[in-house]
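The data block below is my_file_38.csv; it holds CSV, C-alpha atoms and all ligand atoms.
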chain,number,residue,atom,x,y,z
Q,423,MET,CA,-21.6,83.7,86.4
Q,424,THR,CA,-22.5,82.5,82.9
Q,425,GLN,CA,-20.1,80.7,80.7
Q,426,LYS,CA,-20.9,79.8,77.0
Q,427,ASP,CA,-19.9,76.6,75.4
Q,428,SER,CA,-20.6,75.5,71.8
Q,429,SER,CA,-24.4,75.6,72.3
Q,430,ALA,CA,-25.7,75.1,75.8
Q,431,GLN,CA,-25.3,77.8,78.4
Q,432,ILE,CA,-23.9,76.7,81.8
Q,433,HIS,CA,-25.0,78.7,84.9
Q,434,LYS,CA,-22.8,78.2,87.9
Q,435,ASN,CA,-24.1,78.3,91.5
Q,436,ALA,CA,-27.7,78.7,90.1
Q,437,ASP,CA,-30.6,79.5,92.2
Q,438,LEU,CA,-33.3,76.8,91.9
Q,439,THR,CA,-36.1,78.7,93.7
Q,440,PRO,CA,-37.9,79.7,90.4
Q,441,TYR,CA,-37.6,76.1,89.1
Q,442,ASN,CA,-39.5,74.3,91.8
Q,443,THR,CA,-43.2,75.0,92.5
Q,444,LEU,CA,-42.8,74.4,96.2
Q,445,GLY,CA,-40.7,77.6,96.1
Q,446,ILE,CA,-37.9,76.0,98.2
Q,447,SER,CA,-34.7,78.0,98.0
Q,448,ALA,CA,-31.8,75.7,96.9
Q,449,LYS,CA,-28.8,76.0,94.6
Q,450,ALA,CA,-27.3,73.8,91.9
Q,451,ALA,CA,-23.5,73.7,91.3
Q,452,SER,CA,-24.3,74.1,87.6
Q,453,LEU,CA,-27.5,74.5,85.6
Q,454,ILE,CA,-27.7,73.8,81.9
Q,455,ASN,CA,-30.8,74.7,79.8
Q,456,ILE,CA,-31.4,72.0,77.2
Q,457,THR,CA,-33.4,73.0,74.1
Q,458,SER,CA,-32.7,70.0,71.8
Q,459,ALA,CA,-31.7,66.4,71.8
Q,460,GLU,CA,-28.6,67.4,69.8
Q,461,GLN,CA,-27.4,69.4,72.8
Q,462,LEU,CA,-27.6,66.3,74.9
Q,463,LYS,CA,-25.5,64.5,72.4
Q,464,GLU,CA,-22.9,67.3,72.5
Q,465,LEU,CA,-22.8,67.1,76.3
Q,466,PHE,CA,-22.5,63.3,76.0
Q,467,GLU,CA,-19.5,63.8,73.8
Q,468,THR,CA,-17.8,66.0,76.5
Q,469,GLY,CA,-17.8,62.9,78.8
Q,470,LEU,CA,-20.0,64.7,81.4
Q,471,PHE,CA,-22.4,61.8,81.8
Q,472,GLU,CA,-19.5,59.4,82.5
Q,473,LYS,CA,-18.4,61.6,85.4
Q,474,GLU,CA,-21.8,62.2,87.0
Q,475,GLU,CA,-25.5,61.4,86.8
Q,476,PRO,CA,-27.2,64.7,86.1
Q,477,PHE,CA,-30.3,65.8,87.9
Q,478,ILE,CA,-33.1,66.2,85.3
Q,479,LEU,CA,-35.5,69.1,85.9
Q,480,GLY,CA,-38.8,69.5,84.1
Q,481,GLY,CA,-41.4,71.9,85.5
Q,482,GLY,CA,-40.2,71.3,89.1
Q,483,SER,CA,-43.8,70.6,90.1
Q,484,ASN,CA,-43.3,67.2,91.7
Q,485,ILE,CA,-40.0,67.6,93.6
Q,486,LEU,CA,-39.0,68.5,97.1
Q,487,LEU,CA,-35.4,69.8,97.2
Q,488,LYS,CA,-34.1,68.9,100.6
Q,489,GLY,CA,-30.9,70.8,100.1
Q,490,ASP,CA,-28.5,72.1,97.4
Q,491,ILE,CA,-27.6,70.0,94.4
Q,492,ALA,CA,-23.8,69.4,94.3
Q,493,GLY,CA,-23.7,68.4,90.6
Q,494,THR,CA,-25.2,69.4,87.3
Q,495,VAL,CA,-28.9,70.1,86.7
Q,496,LEU,CA,-30.3,69.8,83.2
Q,497,LYS,CA,-33.4,71.9,82.7
Q,498,ILE,CA,-35.3,70.3,79.8
Q,499,SER,CA,-36.8,73.0,77.6
Q,500,ILE,CA,-37.3,71.0,74.3
Q,501,SER,CA,-40.3,72.6,72.6
Q,502,GLY,CA,-42.7,71.8,69.8
Q,503,ILE,CA,-46.1,70.2,69.2
Q,504,SER,CA,-46.5,68.6,65.8
Q,505,LEU,CA,-49.4,66.7,64.2
Q,506,GLU,CA,-47.8,63.6,62.7
Q,507,VAL,CA,-50.8,61.5,61.5
Q,508,GLN,CA,-54.4,62.4,61.1
Q,509,THR,CA,-57.3,60.1,60.1
Q,510,ASP,CA,-61.0,60.5,60.4
Q,511,GLU,CA,-60.9,59.1,63.9
Q,512,ARG,CA,-57.7,60.1,65.4
Q,513,ALA,CA,-54.7,62.4,65.6
Q,514,GLU,CA,-51.2,61.5,66.5
Q,515,LEU,CA,-49.0,64.2,68.0
Q,516,ASN,CA,-45.3,64.4,68.8
Q,517,VAL,CA,-44.6,66.7,71.7
Q,518,GLY,CA,-41.3,68.0,73.0
Q,519,ALA,CA,-40.5,67.2,76.6
Q,520,GLY,CA,-40.1,70.8,77.6
Q,521,VAL,CA,-43.7,71.8,76.6
Q,522,ASN,CA,-45.8,72.9,79.5
Q,523,TRP,CA,-48.4,70.2,80.0
Q,524,HIS,CA,-51.4,72.5,80.4
Q,525,SER,CA,-50.5,74.4,77.2
Q,526,LEU,CA,-50.6,71.1,75.4
Q,527,VAL,CA,-54.0,70.3,76.8
Q,528,GLU,CA,-55.3,73.8,75.8
Q,529,TRP,CA,-53.8,73.3,72.3
Q,530,ALA,CA,-55.5,69.9,71.9
Q,531,VAL,CA,-58.9,71.2,73.1
Q,532,ALA,CA,-58.6,74.2,70.7
Q,533,HIS,CA,-57.9,71.8,67.8
Q,534,ASN,CA,-60.8,69.6,68.9
Q,535,PHE,CA,-58.5,66.6,69.7
Q,536,GLY,CA,-59.8,64.6,72.7
Q,537,GLY,CA,-58.3,62.4,75.4
Q,538,ILE,CA,-56.4,64.7,77.7
Q,539,GLU,CA,-59.1,67.3,78.6
Q,540,ASN,CA,-59.5,65.6,82.1
Q,541,LEU,CA,-55.8,66.3,82.6
Q,542,ALA,CA,-56.2,70.1,82.4
Q,543,LEU,CA,-54.2,72.3,84.7
Q,544,ILE,CA,-51.8,69.6,85.9
Q,545,PRO,CA,-48.6,71.6,86.5
Q,546,GLY,CA,-45.3,70.5,85.0
Q,547,THR,CA,-43.9,69.6,81.7
Q,548,VAL,CA,-44.7,66.9,79.1
Q,549,GLY,CA,-41.4,65.1,79.7
Q,550,ALA,CA,-42.3,64.6,83.4
Q,551,ALA,CA,-45.8,63.3,82.6
Q,552,PRO,CA,-44.8,59.6,81.8
Q,553,ILE,CA,-42.5,59.3,84.8
Q,554,GLN,CA,-45.4,59.2,87.3
Q,555,ASN,CA,-48.1,58.5,84.7
Q,556,ILE,CA,-50.0,61.7,85.6
Q,557,GLY,CA,-53.7,61.1,86.2
Q,558,ALA,CA,-56.8,63.0,87.3
Q,559,TYR,CA,-60.6,62.7,87.1
Q,560,GLY,CA,-60.7,59.2,85.7
Q,561,VAL,CA,-58.0,59.5,83.0
Q,562,GLU,CA,-54.3,58.6,83.1
Q,563,LEU,CA,-51.6,59.5,80.6
Q,564,LYS,CA,-51.2,55.8,79.8
Q,565,ASP,CA,-54.7,55.9,78.2
Q,566,VAL,CA,-53.5,58.2,75.4
Q,567,LEU,CA,-49.8,57.7,75.2
Q,568,LYS,CA,-48.4,55.9,72.2
Q,569,SER,CA,-44.7,56.0,73.0
Q,570,VAL,CA,-41.9,57.9,74.8
Q,571,THR,CA,-38.7,59.0,73.2
Q,572,PHE,CA,-35.6,59.2,75.4
Q,573,PHE,CA,-31.9,59.9,75.3
Q,574,ASP,CA,-29.8,57.1,76.7
Q,575,LEU,CA,-27.1,58.6,79.0
Q,576,LYS,CA,-24.9,55.5,78.5
Q,577,THR,CA,-25.0,55.1,74.8
Q,578,GLY,CA,-25.7,58.7,73.7
Q,579,GLU,CA,-28.5,57.5,71.4
Q,580,GLU,CA,-32.2,58.3,71.3
Q,581,SER,CA,-34.7,55.4,71.5
Q,582,VAL,CA,-38.4,55.0,71.4
Q,583,LEU,CA,-40.2,53.0,74.0
Q,584,LYS,CA,-43.8,51.8,73.2
Q,585,GLN,CA,-46.6,52.4,75.7
Q,586,GLN,CA,-46.9,48.7,76.5
Q,587,HIS,CA,-43.2,48.6,77.6
Q,588,CYS,CA,-43.4,51.6,79.9
Q,589,ARG,CA,-44.8,49.5,82.8
Q,590,PHE,CA,-47.4,52.1,83.7
Q,591,GLY,CA,-49.1,51.8,87.1
Q,592,TYR,CA,-50.8,54.2,89.5
Q,593,ARG,CA,-48.3,57.2,89.6
Q,594,ASP,CA,-45.6,54.7,88.4
Q,595,SER,CA,-43.6,53.7,85.4
Q,596,ILE,CA,-40.4,52.1,84.3
Q,597,PHE,CA,-38.8,55.6,84.5
Q,598,LYS,CA,-39.1,55.4,88.3
Q,599,HIS,CA,-37.4,52.0,88.4
Q,600,GLU,CA,-35.2,50.3,85.7
Q,601,LEU,CA,-34.6,53.4,83.7
Q,602,LYS,CA,-34.2,55.8,86.6
Q,603,GLY,CA,-31.1,58.0,86.3
Q,604,LYS,CA,-30.3,56.2,83.0
Q,605,VAL,CA,-32.3,58.2,80.4
Q,606,ILE,CA,-33.7,61.6,79.7
Q,607,ILE,CA,-37.2,61.8,78.2
Q,608,THR,CA,-37.0,64.1,75.1
Q,609,GLY,CA,-40.6,63.7,73.8
Q,610,ILE,CA,-43.8,61.8,73.7
Q,611,ARG,CA,-46.2,60.6,71.1
Q,612,LEU,CA,-49.9,60.9,71.9
Q,613,ASN,CA,-52.9,59.2,70.2
Q,614,LEU,CA,-55.9,61.5,70.5
Q,615,THR,CA,-59.5,61.2,69.3
Q,616,LYS,CA,-61.4,63.3,66.8
Q,617,PRO,CA,-65.2,63.8,67.1
Q,618,PRO,CA,-67.4,62.1,68.2
Q,619,HIS,CA,-65.1,61.9,71.3
Q,620,PRO,CA,-65.6,59.3,74.0
Q,621,ILE,CA,-66.0,61.4,77.2
Q,622,GLU,CA,-64.9,60.3,80.7
Q,623,CYS,CA,-67.0,62.1,83.3
Q,624,SER,CA,-67.7,59.4,85.9
Q,625,TYR,CA,-65.3,60.7,88.5
Q,626,ARG,CA,-67.6,61.9,91.4
Q,627,SER,CA,-66.7,65.5,91.6
Q,628,LEU,CA,-66.6,65.9,87.8
Q,629,ASP,CA,-70.0,64.3,87.4
Q,630,GLU,CA,-71.5,66.4,90.3
Q,631,TYR,CA,-70.1,69.6,88.7
Q,632,LEU,CA,-71.5,68.9,85.3
Q,633,ARG,CA,-75.0,68.0,86.8
Q,634,LYS,CA,-74.9,71.2,88.8
Q,635,LYS,CA,-74.2,73.1,85.5
Q,636,LYS,CA,-77.1,71.1,83.9
Q,637,ILE,CA,-74.7,69.9,81.2
Q,638,ALA,CA,-76.3,66.6,80.0
Q,639,THR,CA,-74.1,65.6,77.2
Q,640,ALA,CA,-70.7,67.1,77.8
Q,641,GLY,CA,-68.1,67.7,75.1
Q,642,ILE,CA,-64.4,67.9,75.6
Q,643,LYS,CA,-64.5,71.7,76.1
Q,644,ASP,CA,-67.1,71.2,78.9
Q,645,VAL,CA,-64.9,68.7,80.6
Q,646,PHE,CA,-61.9,70.9,80.2
Q,647,ASP,CA,-63.7,73.9,81.8
Q,648,ALA,CA,-65.2,71.7,84.5
Q,649,VAL,CA,-61.8,70.2,85.5
Q,650,ILE,CA,-60.2,73.7,85.6
Q,651,ALA,CA,-63.0,75.0,87.8
Q,652,ILE,CA,-62.8,72.0,90.2
Q,653,ARG,CA,-59.0,72.1,90.4
Q,654,LYS,CA,-59.1,75.9,91.1
Q,655,SER,CA,-61.5,75.4,93.9
Q,656,LYS,CA,-59.4,72.7,95.6
Q,657,LEU,CA,-55.8,73.2,94.7
Q,658,PRO,CA,-53.6,76.2,95.4
Q,659,ASP,CA,-52.0,78.0,92.5
Q,660,PRO,CA,-48.3,77.5,92.9
Q,661,SER,CA,-47.5,81.0,91.6
Q,662,LEU,CA,-49.4,82.3,94.7
Q,663,ILE,CA,-48.6,79.6,97.3
Q,664,GLY,CA,-45.8,77.1,97.0
Q,665,ASN,CA,-47.0,73.5,96.5
Q,666,ALA,CA,-46.3,70.3,94.5
Q,667,GLY,CA,-49.9,69.1,94.2
Q,668,SER,CA,-50.7,65.8,96.1
Q,669,PHE,CA,-47.7,65.2,98.4
Q,670,PHE,CA,-48.5,61.6,99.1
Q,671,LYS,CA,-50.0,58.7,97.0
Q,672,ASN,CA,-53.4,57.4,97.9
Q,673,PRO,CA,-52.5,54.2,99.8
Q,674,VAL,CA,-53.7,50.8,98.6
Q,675,ILE,CA,-54.5,48.6,101.5
Q,676,ASP,CA,-55.8,45.1,102.2
Q,677,ALA,CA,-59.6,44.8,102.1
Q,678,GLU,CA,-59.4,43.2,105.6
Q,679,LEU,CA,-57.7,46.2,107.1
Q,680,PHE,CA,-60.2,48.5,105.3
Q,681,LYS,CA,-63.1,46.5,106.9
Q,682,ASP,CA,-61.6,46.9,110.3
Q,683,LEU,CA,-61.1,50.7,109.7
Q,684,SER,CA,-64.7,51.1,108.5
Q,685,GLU,CA,-65.9,49.7,111.8
Q,686,LYS,CA,-63.6,52.0,113.8
Q,687,PHE,CA,-64.0,55.0,111.6
Q,688,PRO,CA,-67.5,55.0,109.9
Q,689,GLY,CA,-67.5,57.1,106.7
Q,690,ILE,CA,-63.9,56.3,105.7
Q,691,PRO,CA,-64.0,56.4,101.9
Q,692,GLY,CA,-62.5,53.5,99.9
Q,693,TYR,CA,-62.4,52.5,96.2
Q,694,LYS,CA,-62.2,48.8,95.6
Q,695,ILE,CA,-59.5,48.2,93.0
Q,696,SER,CA,-59.4,44.4,93.2
Q,697,GLU,CA,-60.9,41.5,95.2
Q,698,ASP,CA,-58.6,42.1,98.1
Q,699,LYS,CA,-57.3,45.7,97.7
Q,700,VAL,CA,-58.9,49.1,98.5
Q,701,LYS,CA,-57.6,52.5,97.7
Q,702,VAL,CA,-58.1,55.1,100.4
Q,703,PRO,CA,-57.9,58.9,99.8
Q,704,ALA,CA,-54.8,60.1,101.7
Q,705,GLY,CA,-56.5,63.5,102.0
Q,706,TRP,CA,-59.2,62.0,104.2
Q,707,LEU,CA,-56.7,60.2,106.4
Q,708,ILE,CA,-54.6,63.5,106.8
Q,709,GLU,CA,-57.8,65.5,107.5
Q,710,HIS,CA,-59.0,63.0,110.1
Q,711,ALA,CA,-55.6,62.9,111.7
Q,712,GLY,CA,-56.2,66.6,112.4
Q,713,TRP,CA,-53.9,68.2,109.9
Q,714,LYS,CA,-56.2,69.9,107.4
Q,715,GLY,CA,-55.5,73.6,107.0
Q,716,LYS,CA,-53.0,73.5,109.9
Q,717,ARG,CA,-49.8,75.6,109.7
Q,718,VAL,CA,-46.6,75.0,111.5
Q,719,GLY,CA,-44.0,77.7,111.0
Q,720,ASN,CA,-43.7,78.3,107.2
Q,721,VAL,CA,-45.4,75.1,106.1
Q,722,GLY,CA,-48.8,73.5,106.4
Q,723,THR,CA,-51.5,71.5,104.6
Q,724,TYR,CA,-53.9,73.4,102.3
Q,725,GLU,CA,-57.2,74.4,103.8
Q,726,ASN,CA,-59.3,72.9,100.9
Q,727,GLN,CA,-57.3,69.7,100.2
Q,728,ALA,CA,-55.3,68.1,103.0
Q,729,LEU,CA,-53.2,66.1,100.6
Q,730,VAL,CA,-51.4,69.2,99.4
Q,731,LEU,CA,-48.5,70.5,101.5
Q,732,VAL,CA,-47.8,74.1,101.2
Q,733,ASN,CA,-44.9,76.5,101.7
Q,734,TYR,CA,-46.3,79.8,102.9
Q,735,GLY,CA,-42.9,81.4,102.0
Q,736,GLY,CA,-39.4,81.0,103.2
Q,737,ALA,CA,-39.6,77.3,104.1
Q,738,SER,CA,-36.5,75.2,103.7
Q,739,GLY,CA,-36.7,71.7,102.1
Q,740,GLU,CA,-35.8,70.2,105.5
Q,741,GLU,CA,-38.7,72.1,107.2
Q,742,LEU,CA,-41.2,70.8,104.7
Q,743,TRP,CA,-39.9,67.3,104.9
Q,744,ASN,CA,-40.1,67.4,108.7
Q,745,HIS,CA,-43.8,68.4,108.4
Q,746,ALA,CA,-44.4,65.5,105.9
Q,747,LYS,CA,-42.8,63.1,108.5
Q,748,ARG,CA,-45.1,64.5,111.3
Q,749,ILE,CA,-48.1,63.9,109.1
Q,750,ARG,CA,-46.9,60.4,108.2
Q,751,ASN,CA,-46.3,59.5,111.8
Q,752,THR,CA,-49.8,60.6,113.1
Q,753,VAL,CA,-51.5,58.9,110.2
Q,754,ALA,CA,-49.6,55.7,110.9
Q,755,LYS,CA,-50.4,55.8,114.6
Q,756,LYS,CA,-54.1,56.5,114.1
Q,757,PHE,CA,-54.9,54.3,111.0
Q,758,GLY,CA,-52.0,51.9,110.8
Q,759,ILE,CA,-51.3,53.0,107.2
Q,760,GLU,CA,-47.9,54.2,106.0
Q,761,LEU,CA,-48.2,57.1,103.6
Q,762,VAL,CA,-45.7,57.1,100.7
Q,763,PRO,CA,-44.6,60.4,99.1
Q,764,GLU,CA,-45.9,61.0,95.6
Q,765,VAL,CA,-43.4,63.8,95.0
Q,766,ASN,CA,-39.7,63.0,94.4
Q,767,ILE,CA,-37.6,63.7,97.5
Q,768,VAL,CA,-34.3,65.1,96.2
Q,769,GLU,CA,-31.6,64.5,98.8
Q,801,LIG,N1,-60.6,64.0,100.9
Q,801,LIG,C1,-60.9,64.4,102.3
Q,801,LIG,N2,-60.2,65.5,102.7
Q,801,LIG,C2,-59.4,66.2,102.0
Q,801,LIG,C3,-59.1,65.8,100.7
Q,801,LIG,C4,-59.7,64.7,100.2
Q,801,LIG,O1,-61.7,63.8,103.0
Q,801,LIG,O2,-58.8,67.2,102.5
Q,801,LIG,C5,-61.3,62.8,100.4
Q,801,LIG,C6,-62.8,63.0,100.0
Q,801,LIG,O3,-63.4,61.8,100.4
Q,801,LIG,C7,-62.7,63.1,98.5
Q,801,LIG,C8,-61.6,62.2,98.2
Q,801,LIG,O4,-60.7,62.3,99.3
Q,801,LIG,O5,-63.9,62.7,97.9
Q,801,LIG,C9,-60.9,62.4,96.9
Q,801,LIG,O6,-60.4,63.7,96.8
Q,801,LIG,P1,-60.0,64.4,95.4
Q,801,LIG,O7,-61.1,64.2,94.4
Q,801,LIG,O8,-59.6,65.8,95.7
Q,801,LIG,O9,-58.8,63.5,94.9
Q,801,LIG,P2,-57.5,62.9,95.6
Q,801,LIG,O10,-57.7,61.4,95.7
Q,801,LIG,O11,-57.2,63.6,96.9
Q,801,LIG,C10,-56.3,62.5,93.4
Q,801,LIG,C11,-55.0,62.8,92.8
Q,801,LIG,C12,-54.9,64.2,92.3
Q,801,LIG,C13,-56.0,64.4,91.2
Q,801,LIG,C14,-57.4,64.0,91.9
Q,801,LIG,C15,-58.5,64.1,90.9
Q,801,LIG,C16,-53.4,61.3,93.9
Q,801,LIG,C17,-52.3,61.2,94.9
Q,801,LIG,N3,-53.9,62.5,93.8
Q,801,LIG,O12,-56.4,63.3,94.5
Q,801,LIG,O13,-53.7,64.4,91.7
Q,801,LIG,O14,-56.1,65.7,90.8
Q,801,LIG,O15,-57.3,62.7,92.4
Q,801,LIG,O16,-58.5,63.0,90.1
Q,801,LIG,O17,-53.7,60.3,93.3
Q,801,LIG,C18,-51.4,65.2,92.0
Q,801,LIG,O18,-51.1,64.0,91.7
Q,801,LIG,O19,-50.6,66.1,92.3
Q,801,LIG,C19,-52.9,65.5,92.0
Q,801,LIG,C20,-53.3,66.7,92.4

How does this structure look as structure tokens?
Ligand code: EPU
Amino acid sequence: MTQKDSSAQIHKNADLTPYNTLGISAKAASLINITSAEQLKELFETGLFEKEEPFILGGGSNILLKGDIAGTVLKISISGISLEVQTDERAELNVGAGVNWHSLVEWAVAHNFGGIENLALIPGTVGAAPIQNIGAYGVELKDVLKSVTFFDLKTGEESVLKQQHCRFGYRDSIFKHELKGKVIITGIRLNLTKPPHPIECSYRSLDEYLRKKKIATAGIKDVFDAVIAIRKSKLPDPSLIGNAGSFFKNPVIDAELFKDLSEKFPGIPGYKISEDKVKVPAGWLIEHAGWKGKRVGNVGTYENQALVLVNYGGASGEELWNHAKRIRNTVAKKFGIELVPEVNIVE
């Protein structure tokens, strides 16, 4: 049933299957498509946000729906990419929260604006990007982000938060903590480079790929193409096989524990991130706990990247979550490391 109000359309008992890349079938009591900040203001004035905290949906590429959502889901579809400032060295863009992230990367590369080419093919929308500070192949969103614009659910006003106040960390930001459930991101401002671009290609698989292709001095288009090729070889396409990218974060452990593990498990990879902390690839731990490419019922881990949990079709949120717990338990038993989900688990 579809009911029309002054501007936003409200869909009752809406099917969320097409709105989450894991392809979990779940329902929302109401689903409202938001195409502008003004619509949020209108909803604010109806008193809706006083009654309930809405569930905010971007591209649905980083969530696990464990069941139906009893309240209102706002699907953020605010569009637009605009060039705000341009100098000889840089270009500043304002981008709507509903823009598909990869379309933005394509747009930037086509206009010869650099800084986000390493972040090609990350699924999801622009508005979701700051929440977990998306990152790949040596670059994180925080490196190019100037500010975030958000709608405050309590005051009904839009505010701008500068990069340095977003408390960005590894897959982390203020939007996962103090501002969680309190704001809706409506847009971001990016600070991109103009030629000659600084190029980041030190990440191992990216460097190896460029060497293999005999590309000695890579430009942003070379990096963009390389990242797409690497991702396609490792990560499943959600339109073909349900997934939410990396399911767990790469754990950061004490250097002492890493030393013990290296003796017990020679070959365990680790990246030193400070004097006493080491980041370990969760994919390696899951693979060496015996889970890579294994299927249990409708769910499993991807054959080319054990960190990606997949829905082969028809899985419920509960089934996928149970599989994640099995993996977490065996990794904890074998390595003494607790894996923490990277995706948002929606109860
Ligand atoms: N590895 C294995 N087995 C596996 C997978 C990985 O042994 O099945 C080990 C290998 O040693 C490999 C290392 O893990 O060299 C790193 O693997 P990869 O380059 O694929 O990166 P990752 O650490 O598994 C992270 C991000 C990805 C991002 C890539 C590239 C997290 C949780 N994930 O994965 O992000 O694309 O680096 O930068 O930090 C996402 O967040 O959804 C995501 C896909």

Nearby residues, ligand LIG 801 (chain Q), 8 Å, only C-alpha atoms and all ligand atoms, as a VMD selection string: chain Q and resid 484 544 556 to 561 592 to 593 625 to 627 653 656 to 657 666 to 672 690 to 691 702 to 710 714 724 to 730 764

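Minimum atom-to-atom distance to Glu622 (chain Q), evaluated using only C-alpha atoms, belongs to Q:Glu562 out of Q:Glu562, Q:Asp574, Q:Asp659, Q:Glu511.
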
Computed interatomic separation between CA of Lys701 (chain Q) and CA of Arg589 (chain Q) (Å): 19.9 Å

Atom pair CA of Gly445 (chain Q) / CA of Leu543 (chain Q): separation (Å): 18.4 Å

Do you have, as JSON lines, the list of residues of region 479-536 of chain Q lying at most 10 Å from region 427-443 of chain Q, each with its nearest atom pair and that distance in Å to one decimal, counting only C-alpha atoms and ordered by chain then number?
{"residue": "Q:Leu479", "atom": "CA", "partner": "Q:Tyr441", "partner_atom": "CA", "distance": 8.0}
{"residue": "Q:Gly480", "atom": "CA", "partner": "Q:Tyr441", "partner_atom": "CA", "distance": 8.4}
{"residue": "Q:Gly481", "atom": "CA", "partner": "Q:Tyr441", "partner_atom": "CA", "distance": 6.7}
{"residue": "Q:Gly482", "atom": "CA", "partner": "Q:Asn442", "partner_atom": "CA", "distance": 4.1}
{"residue": "Q:Ser483", "atom": "CA", "partner": "Q:Thr443", "partner_atom": "CA", "distance": 5.0}
{"residue": "Q:Asn484", "atom": "CA", "partner": "Q:Thr443", "partner_atom": "CA", "distance": 7.8}
{"residue": "Q:Ile485", "atom": "CA", "partner": "Q:Asn442", "partner_atom": "CA", "distance": 7.0}
{"residue": "Q:Leu486", "atom": "CA", "partner": "Q:Asn442", "partner_atom": "CA", "distance": 7.9}
{"residue": "Q:Leu487", "atom": "CA", "partner": "Q:Asn442", "partner_atom": "CA", "distance": 8.1}
{"residue": "Q:Asp490", "atom": "CA", "partner": "Q:Leu438", "partner_atom": "CA", "distance": 8.7}
{"residue": "Q:Ile491", "atom": "CA", "partner": "Q:Leu438", "partner_atom": "CA", "distance": 9.2}
{"residue": "Q:Ala492", "atom": "CA", "partner": "Q:Asn435", "partner_atom": "CA", "distance": 9.3}
{"residue": "Q:Gly493", "atom": "CA", "partner": "Q:Asn435", "partner_atom": "CA", "distance": 9.9}
{"residue": "Q:Thr494", "atom": "CA", "partner": "Q:Lys434", "partner_atom": "CA", "distance": 9.1}
{"residue": "Q:Val495", "atom": "CA", "partner": "Q:Ala436", "partner_atom": "CA", "distance": 9.3}
{"residue": "Q:Leu496", "atom": "CA", "partner": "Q:Ile432", "partner_atom": "CA", "distance": 9.5}
{"residue": "Q:Lys497", "atom": "CA", "partner": "Q:Tyr441", "partner_atom": "CA", "distance": 8.7}

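Of the listed residues Q:Ile500, Q:Val721, Q:Ile642, Q:Ala737, the one whose atoms come nearest to Ile607 (chain Q) is Q:Ile500, with distances taken using only C-alpha atoms.
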